[in-house]
Amino acid sequence: MRRPESLPEGGIGAVEQAIVWNNPLPIQCSHRVPVHRAHGTRTRNFAKYLGLAAKTDAVDAWMLALFAAKSEDLRLWQPPTPETMELRGLRRRRDDLTQIIRTEQNRLEHSQIKSVERSLKRHVRAMIKEIQELDGQIAKLIAATPEFRRKSDLLTSVIGVGAKTAAACLAYVPELGSLTKGEAAAIVGLAPHAQDSGRLKGHRRISGGRRELRASLYMAAMTALRLDSAMQTFARRLRERGKPAKVAITAVMRKLIVILNAVLKTGEPARRGLPA
């Protein structure tokens with residue numbers, strides 16, 4: 001198979017997701033071609049389909065060019081704004097500190113040495129203070145950015161969604177508002193995948209997606225189940241059909257991300273009190 005020397009006129013380039021996520025340079029501007037941010041699993045499976053056992057920069061570049069040329073309906077990557085990059089960095093640091101606190105609290109439960117307990121408690125208090133400072137910086141950034149402020153107001157119109165969940169949506173899924181229902185669920189890993197074979201009907205499972213947002217959506221779903229009668233009815237119907245509690249919660253999370261995408265797409269606040 002001959003390796004293409006360059007992309008065809010009007011073609012689309014492809015880069016691996018990790019490269020764009022960690023180093024979001026305006027690639028399509030420098031190369032003057034539209035760019036698709038390809039998921040690593042899809043590109044490696046494509047490489048296996050081509051029979052490429054080797055993995056080098058040259059092989060990857062050729063494979064990605066062929067992947068872009070042969071694929072249809074690829075979503076073009078838009079470089080994040082500096083404000084989005086700043087918000088993502090602040091939010092990611094907040095999530096890291098939250099995980100550190102959880103780890104330290106688990107250690108505290110099993111600690112039997114007083115000096116170690118004091119050390120763990122000091123560390124937890126320091127991390128909580130850091131998180132509070134980060135929350136303040138995030139709030140100021142959103143308030144100072146008109147587009148963030150507009151979107152945050154729309155997102156928080158949905159029952160169960162507060163400022164922190166709205167900030168996570170803006171940081172981790174800037175595409176929200178331009179997606180279809182299925183894309184919105186899939187991008188955060190909440191789209192159920194069939195596991196059927198012949199007469200066997202396996203359990204649907206969720207996988208992949210941007211898991212950074214799922215923790216926030218889980219908390220939002222739990223709040224919505226307490227406060228939103230429509231979501232309560234929706235979850236109760238699932239439970240009456242024999243669905244496990246975790247499946248019902250996941251379905252509420254999926255419904256939430258679809259609603260959040262819809263309010264940003266229409267530019268209208270959520271209409272409360274409607275049946276789910």
# chains A, B, ... in the order shown; residues from 1 in each chain; ligands from 1
call {"tool": "residues_around", "arguments": {"residues": "A:Thr165", "least_positions_apart": "6", "cutoff": "12 Å", "atoms": "only C-alpha atoms", "output": "JSON, numbers by chain"}}
result
{"A": [91, 95, 135, 138, 139, 151, 152, 153, 155, 156, 157, 158, 159, 171, 172, 173, 212, 213, 214, 215, 216, 217, 218, 219, 220, 221, 223, 256, 257, 260]}
call {"tool": "select_by_dssp", "arguments": {"residues": "stretch 7-209 of chain A", "states": "strand (DSSP E)", "output": "PyMOL selection string"}}
result
chain A and resi 13-16+35-38+196-197+200-201
call {"tool": "write_last_selection", "arguments": {"atoms": "N, CA and C atoms", "output": "PDB file, in the first residue's frame"}}
result
ATOM      1  N   GLY A  13      -7.255  16.586   8.154  1.00  0.00           N
ATOM      2  CA  GLY A  13      -6.165  15.985   8.898  1.00  0.00           C
ATOM      3  C   GLY A  13      -6.692  15.365  10.178  1.00  0.00           C
ATOM      4  N   ALA A  14      -5.888  14.511  10.785  1.00  0.00           N
ATOM      5  CA  ALA A  14      -6.264  13.882  12.052  1.00  0.00           C
ATOM      6  C   ALA A  14      -5.070  13.884  12.985  1.00  0.00           C
ATOM      7  N   VAL A  15      -5.319  14.144  14.241  1.00  0.00           N
ATOM      8  CA  VAL A  15      -4.289  14.053  15.270  1.00  0.00           C
ATOM      9  C   VAL A  15      -4.864  13.244  16.415  1.00  0.00           C
ATOM     10  N   GLU A  16      -3.984  12.591  17.161  1.00  0.00           N
ATOM     11  CA  GLU A  16      -4.457  11.790  18.273  1.00  0.00           C
ATOM     12  C   GLU A  16      -4.972  12.690  19.391  1.00  0.00           C
ATOM     13  N   VAL A  35      -8.951  19.889  10.994  1.00  0.00           N
ATOM     14  CA  VAL A  35      -8.372  18.801  11.776  1.00  0.00           C
ATOM     15  C   VAL A  35      -9.447  18.103  12.597  1.00  0.00           C
ATOM     16  N   HIS A  36      -9.364  16.788  12.631  1.00  0.00           N
ATOM     17  CA  HIS A  36     -10.223  15.979  13.496  1.00  0.00           C
ATOM     18  C   HIS A  36      -9.388  15.427  14.643  1.00  0.00           C
ATOM     19  N   ARG A  37      -9.906  15.523  15.862  1.00  0.00           N
ATOM     20  CA  ARG A  37      -9.232  14.958  17.025  1.00  0.00           C
ATOM     21  C   ARG A  37      -9.691  13.516  17.174  1.00  0.00           C
ATOM     22  N   ALA A  38      -8.816  12.580  16.815  1.00  0.00           N
ATOM     23  CA  ALA A  38      -9.186  11.170  16.751  1.00  0.00           C
ATOM     24  C   ALA A  38      -8.971  10.482  18.093  1.00  0.00           C
ATOM     25  N   ASP A 196     -24.983  -7.974  22.694  1.00  0.00           N
ATOM     26  CA  ASP A 196     -25.805  -9.083  22.217  1.00  0.00           C
ATOM     27  C   ASP A 196     -25.025  -9.970  21.256  1.00  0.00           C
ATOM     28  N   SER A 197     -25.385 -11.248  21.244  1.00  0.00           N
ATOM     29  CA  SER A 197     -24.786 -12.195  20.306  1.00  0.00           C
ATOM     30  C   SER A 197     -25.777 -13.326  20.091  1.00  0.00           C
ATOM     31  N   LEU A 200     -28.432 -14.457  22.704  1.00  0.00           N
ATOM     32  CA  LEU A 200     -27.998 -13.891  23.967  1.00  0.00           C
ATOM     33  C   LEU A 200     -28.207 -12.387  23.982  1.00  0.00           C
ATOM     34  N   LYS A 201     -28.924 -11.905  24.974  1.00  0.00           N
ATOM     35  CA  LYS A 201     -29.155 -10.477  25.152  1.00  0.00           C
ATOM     36  C   LYS A 201     -28.399 -10.035  26.408  1.00  0.00           C
TER      37      LYS A 201
END
call {"tool": "closest_residue", "arguments": {"among": "A:Arg241, A:Lys265, A:Arg210, A:Arg150", "to": "A:Lys181", "atoms": "only C-alpha atoms"}}
result
A:Lys265
call {"tool": "closest_residue", "arguments": {"among": "A:Phe234, A:Leu176, A:Ala186, A:Val247", "to": "A:Gly267", "atoms": "only C-alpha atoms"}}
result
A:Leu176
call {"tool": "residues_around", "arguments": {"residues": "stretch 55-57 of chain A", "least_positions_apart": "5", "cutoff": "12 Å", "atoms": "only C-alpha atoms", "output": "short mmCIF file (atom, residue, chain, number, x, y, z; two decimals) with N, CA and C atoms, in the first residue's frame"}}
result
data_model
loop_
_atom_site.label_atom_id
_atom_site.label_comp_id
_atom_site.auth_asym_id
_atom_site.auth_seq_id
_atom_site.Cartn_x
_atom_site.Cartn_y
_atom_site.Cartn_z
N VAL A 15 -5.32 14.14 14.24
CA VAL A 15 -4.29 14.05 15.27
C VAL A 15 -4.86 13.24 16.42
N GLU A 16 -3.98 12.59 17.16
CA GLU A 16 -4.46 11.79 18.27
C GLU A 16 -4.97 12.69 19.39
N THR A 43 -8.16 4.89 16.36
CA THR A 43 -7.02 4.90 15.44
C THR A 43 -6.18 3.63 15.56
N ARG A 44 -6.02 3.10 16.79
CA ARG A 44 -5.25 1.86 16.94
C ARG A 44 -5.99 0.68 16.33
N ALA A 47 -5.41 0.90 12.76
CA ALA A 47 -4.07 0.42 12.43
C ALA A 47 -4.02 -1.11 12.40
N LYS A 48 -4.73 -1.74 13.35
CA LYS A 48 -4.78 -3.21 13.34
C LYS A 48 -5.49 -3.73 12.10
N TRP A 62 1.31 8.38 8.84
CA TRP A 62 0.69 7.82 7.63
C TRP A 62 -0.69 7.22 7.95
N MET A 63 -0.75 6.49 9.05
CA MET A 63 -2.01 5.86 9.44
C MET A 63 -3.09 6.90 9.72
N LEU A 64 -2.73 7.99 10.43
CA LEU A 64 -3.70 9.03 10.75
C LEU A 64 -4.19 9.75 9.49
#
call {"tool": "atom_distance", "arguments": {"atom1": "atom CA of A:Pro146", "atom2": "atom CA of A:Ala262"}}
result
19.6 Å
call {"tool": "residues_around", "arguments": {"residues": "A:Asp73", "least_positions_apart": "3", "cutoff": "12 Å", "atoms": "only C-alpha atoms", "output": "list of chain:residue names"}}
result
A:Ile12, A:His36, A:Ala68, A:Ala69, A:Lys70, A:Leu76
call {"tool": "write_last_selection", "arguments": {"atoms": "N, CA and C atoms", "output": "mmCIF file, in the first residue's frame"}}
result
data_model
loop_
_atom_site.group_PDB
_atom_site.id
_atom_site.type_symbol
_atom_site.label_atom_id
_atom_site.label_comp_id
_atom_site.auth_asym_id
_atom_site.auth_seq_id
_atom_site.Cartn_x
_atom_site.Cartn_y
_atom_site.Cartn_z
ATOM 1 N N ILE A 12 -9.125 16.330 5.212
ATOM 2 C CA ILE A 12 -9.134 16.571 6.649
ATOM 3 C C ILE A 12 -7.927 15.891 7.262
ATOM 4 N N HIS A 36 -9.364 16.788 12.631
ATOM 5 C CA HIS A 36 -10.223 15.979 13.496
ATOM 6 C C HIS A 36 -9.388 15.427 14.643
ATOM 7 N N ALA A 68 -8.110 9.686 8.304
ATOM 8 C CA ALA A 68 -8.904 10.868 7.987
ATOM 9 C C ALA A 68 -9.471 10.801 6.575
ATOM 10 N N ALA A 69 -8.671 10.267 5.636
ATOM 11 C CA ALA A 69 -9.106 10.208 4.242
ATOM 12 C C ALA A 69 -10.239 9.194 4.043
ATOM 13 N N LYS A 70 -10.218 8.107 4.811
ATOM 14 C CA LYS A 70 -11.190 7.031 4.622
ATOM 15 C C LYS A 70 -12.443 7.172 5.475
ATOM 16 N N LEU A 76 -14.930 18.193 13.191
ATOM 17 C CA LEU A 76 -13.724 18.999 13.149
ATOM 18 C C LEU A 76 -13.401 19.550 14.525
#
call {"tool": "select_by_dssp", "arguments": {"residues": "stretch 117-185 of chain A", "states": "alpha helix (DSSP H)", "output": "JSON, numbers by chain"}}
result
{"A": [117, 118, 119, 120, 121, 122, 123, 124, 125, 126, 127, 128, 129, 130, 131, 132, 133, 134, 135, 136, 137, 138, 139, 140, 141, 142, 143, 144, 146, 147, 148, 149, 150, 151, 152, 153, 154, 155, 163, 164, 165, 166, 167, 168, 169, 170, 171, 172, 181, 182, 183, 184, 185]}
call {"tool": "residues_around", "arguments": {"residues": "A:Ile128", "least_positions_apart": "4", "cutoff": "12 Å", "atoms": "only C-alpha atoms", "output": "ChimeraX atom specification"}}
result
/A:94-102,104-105,121-124,132-135
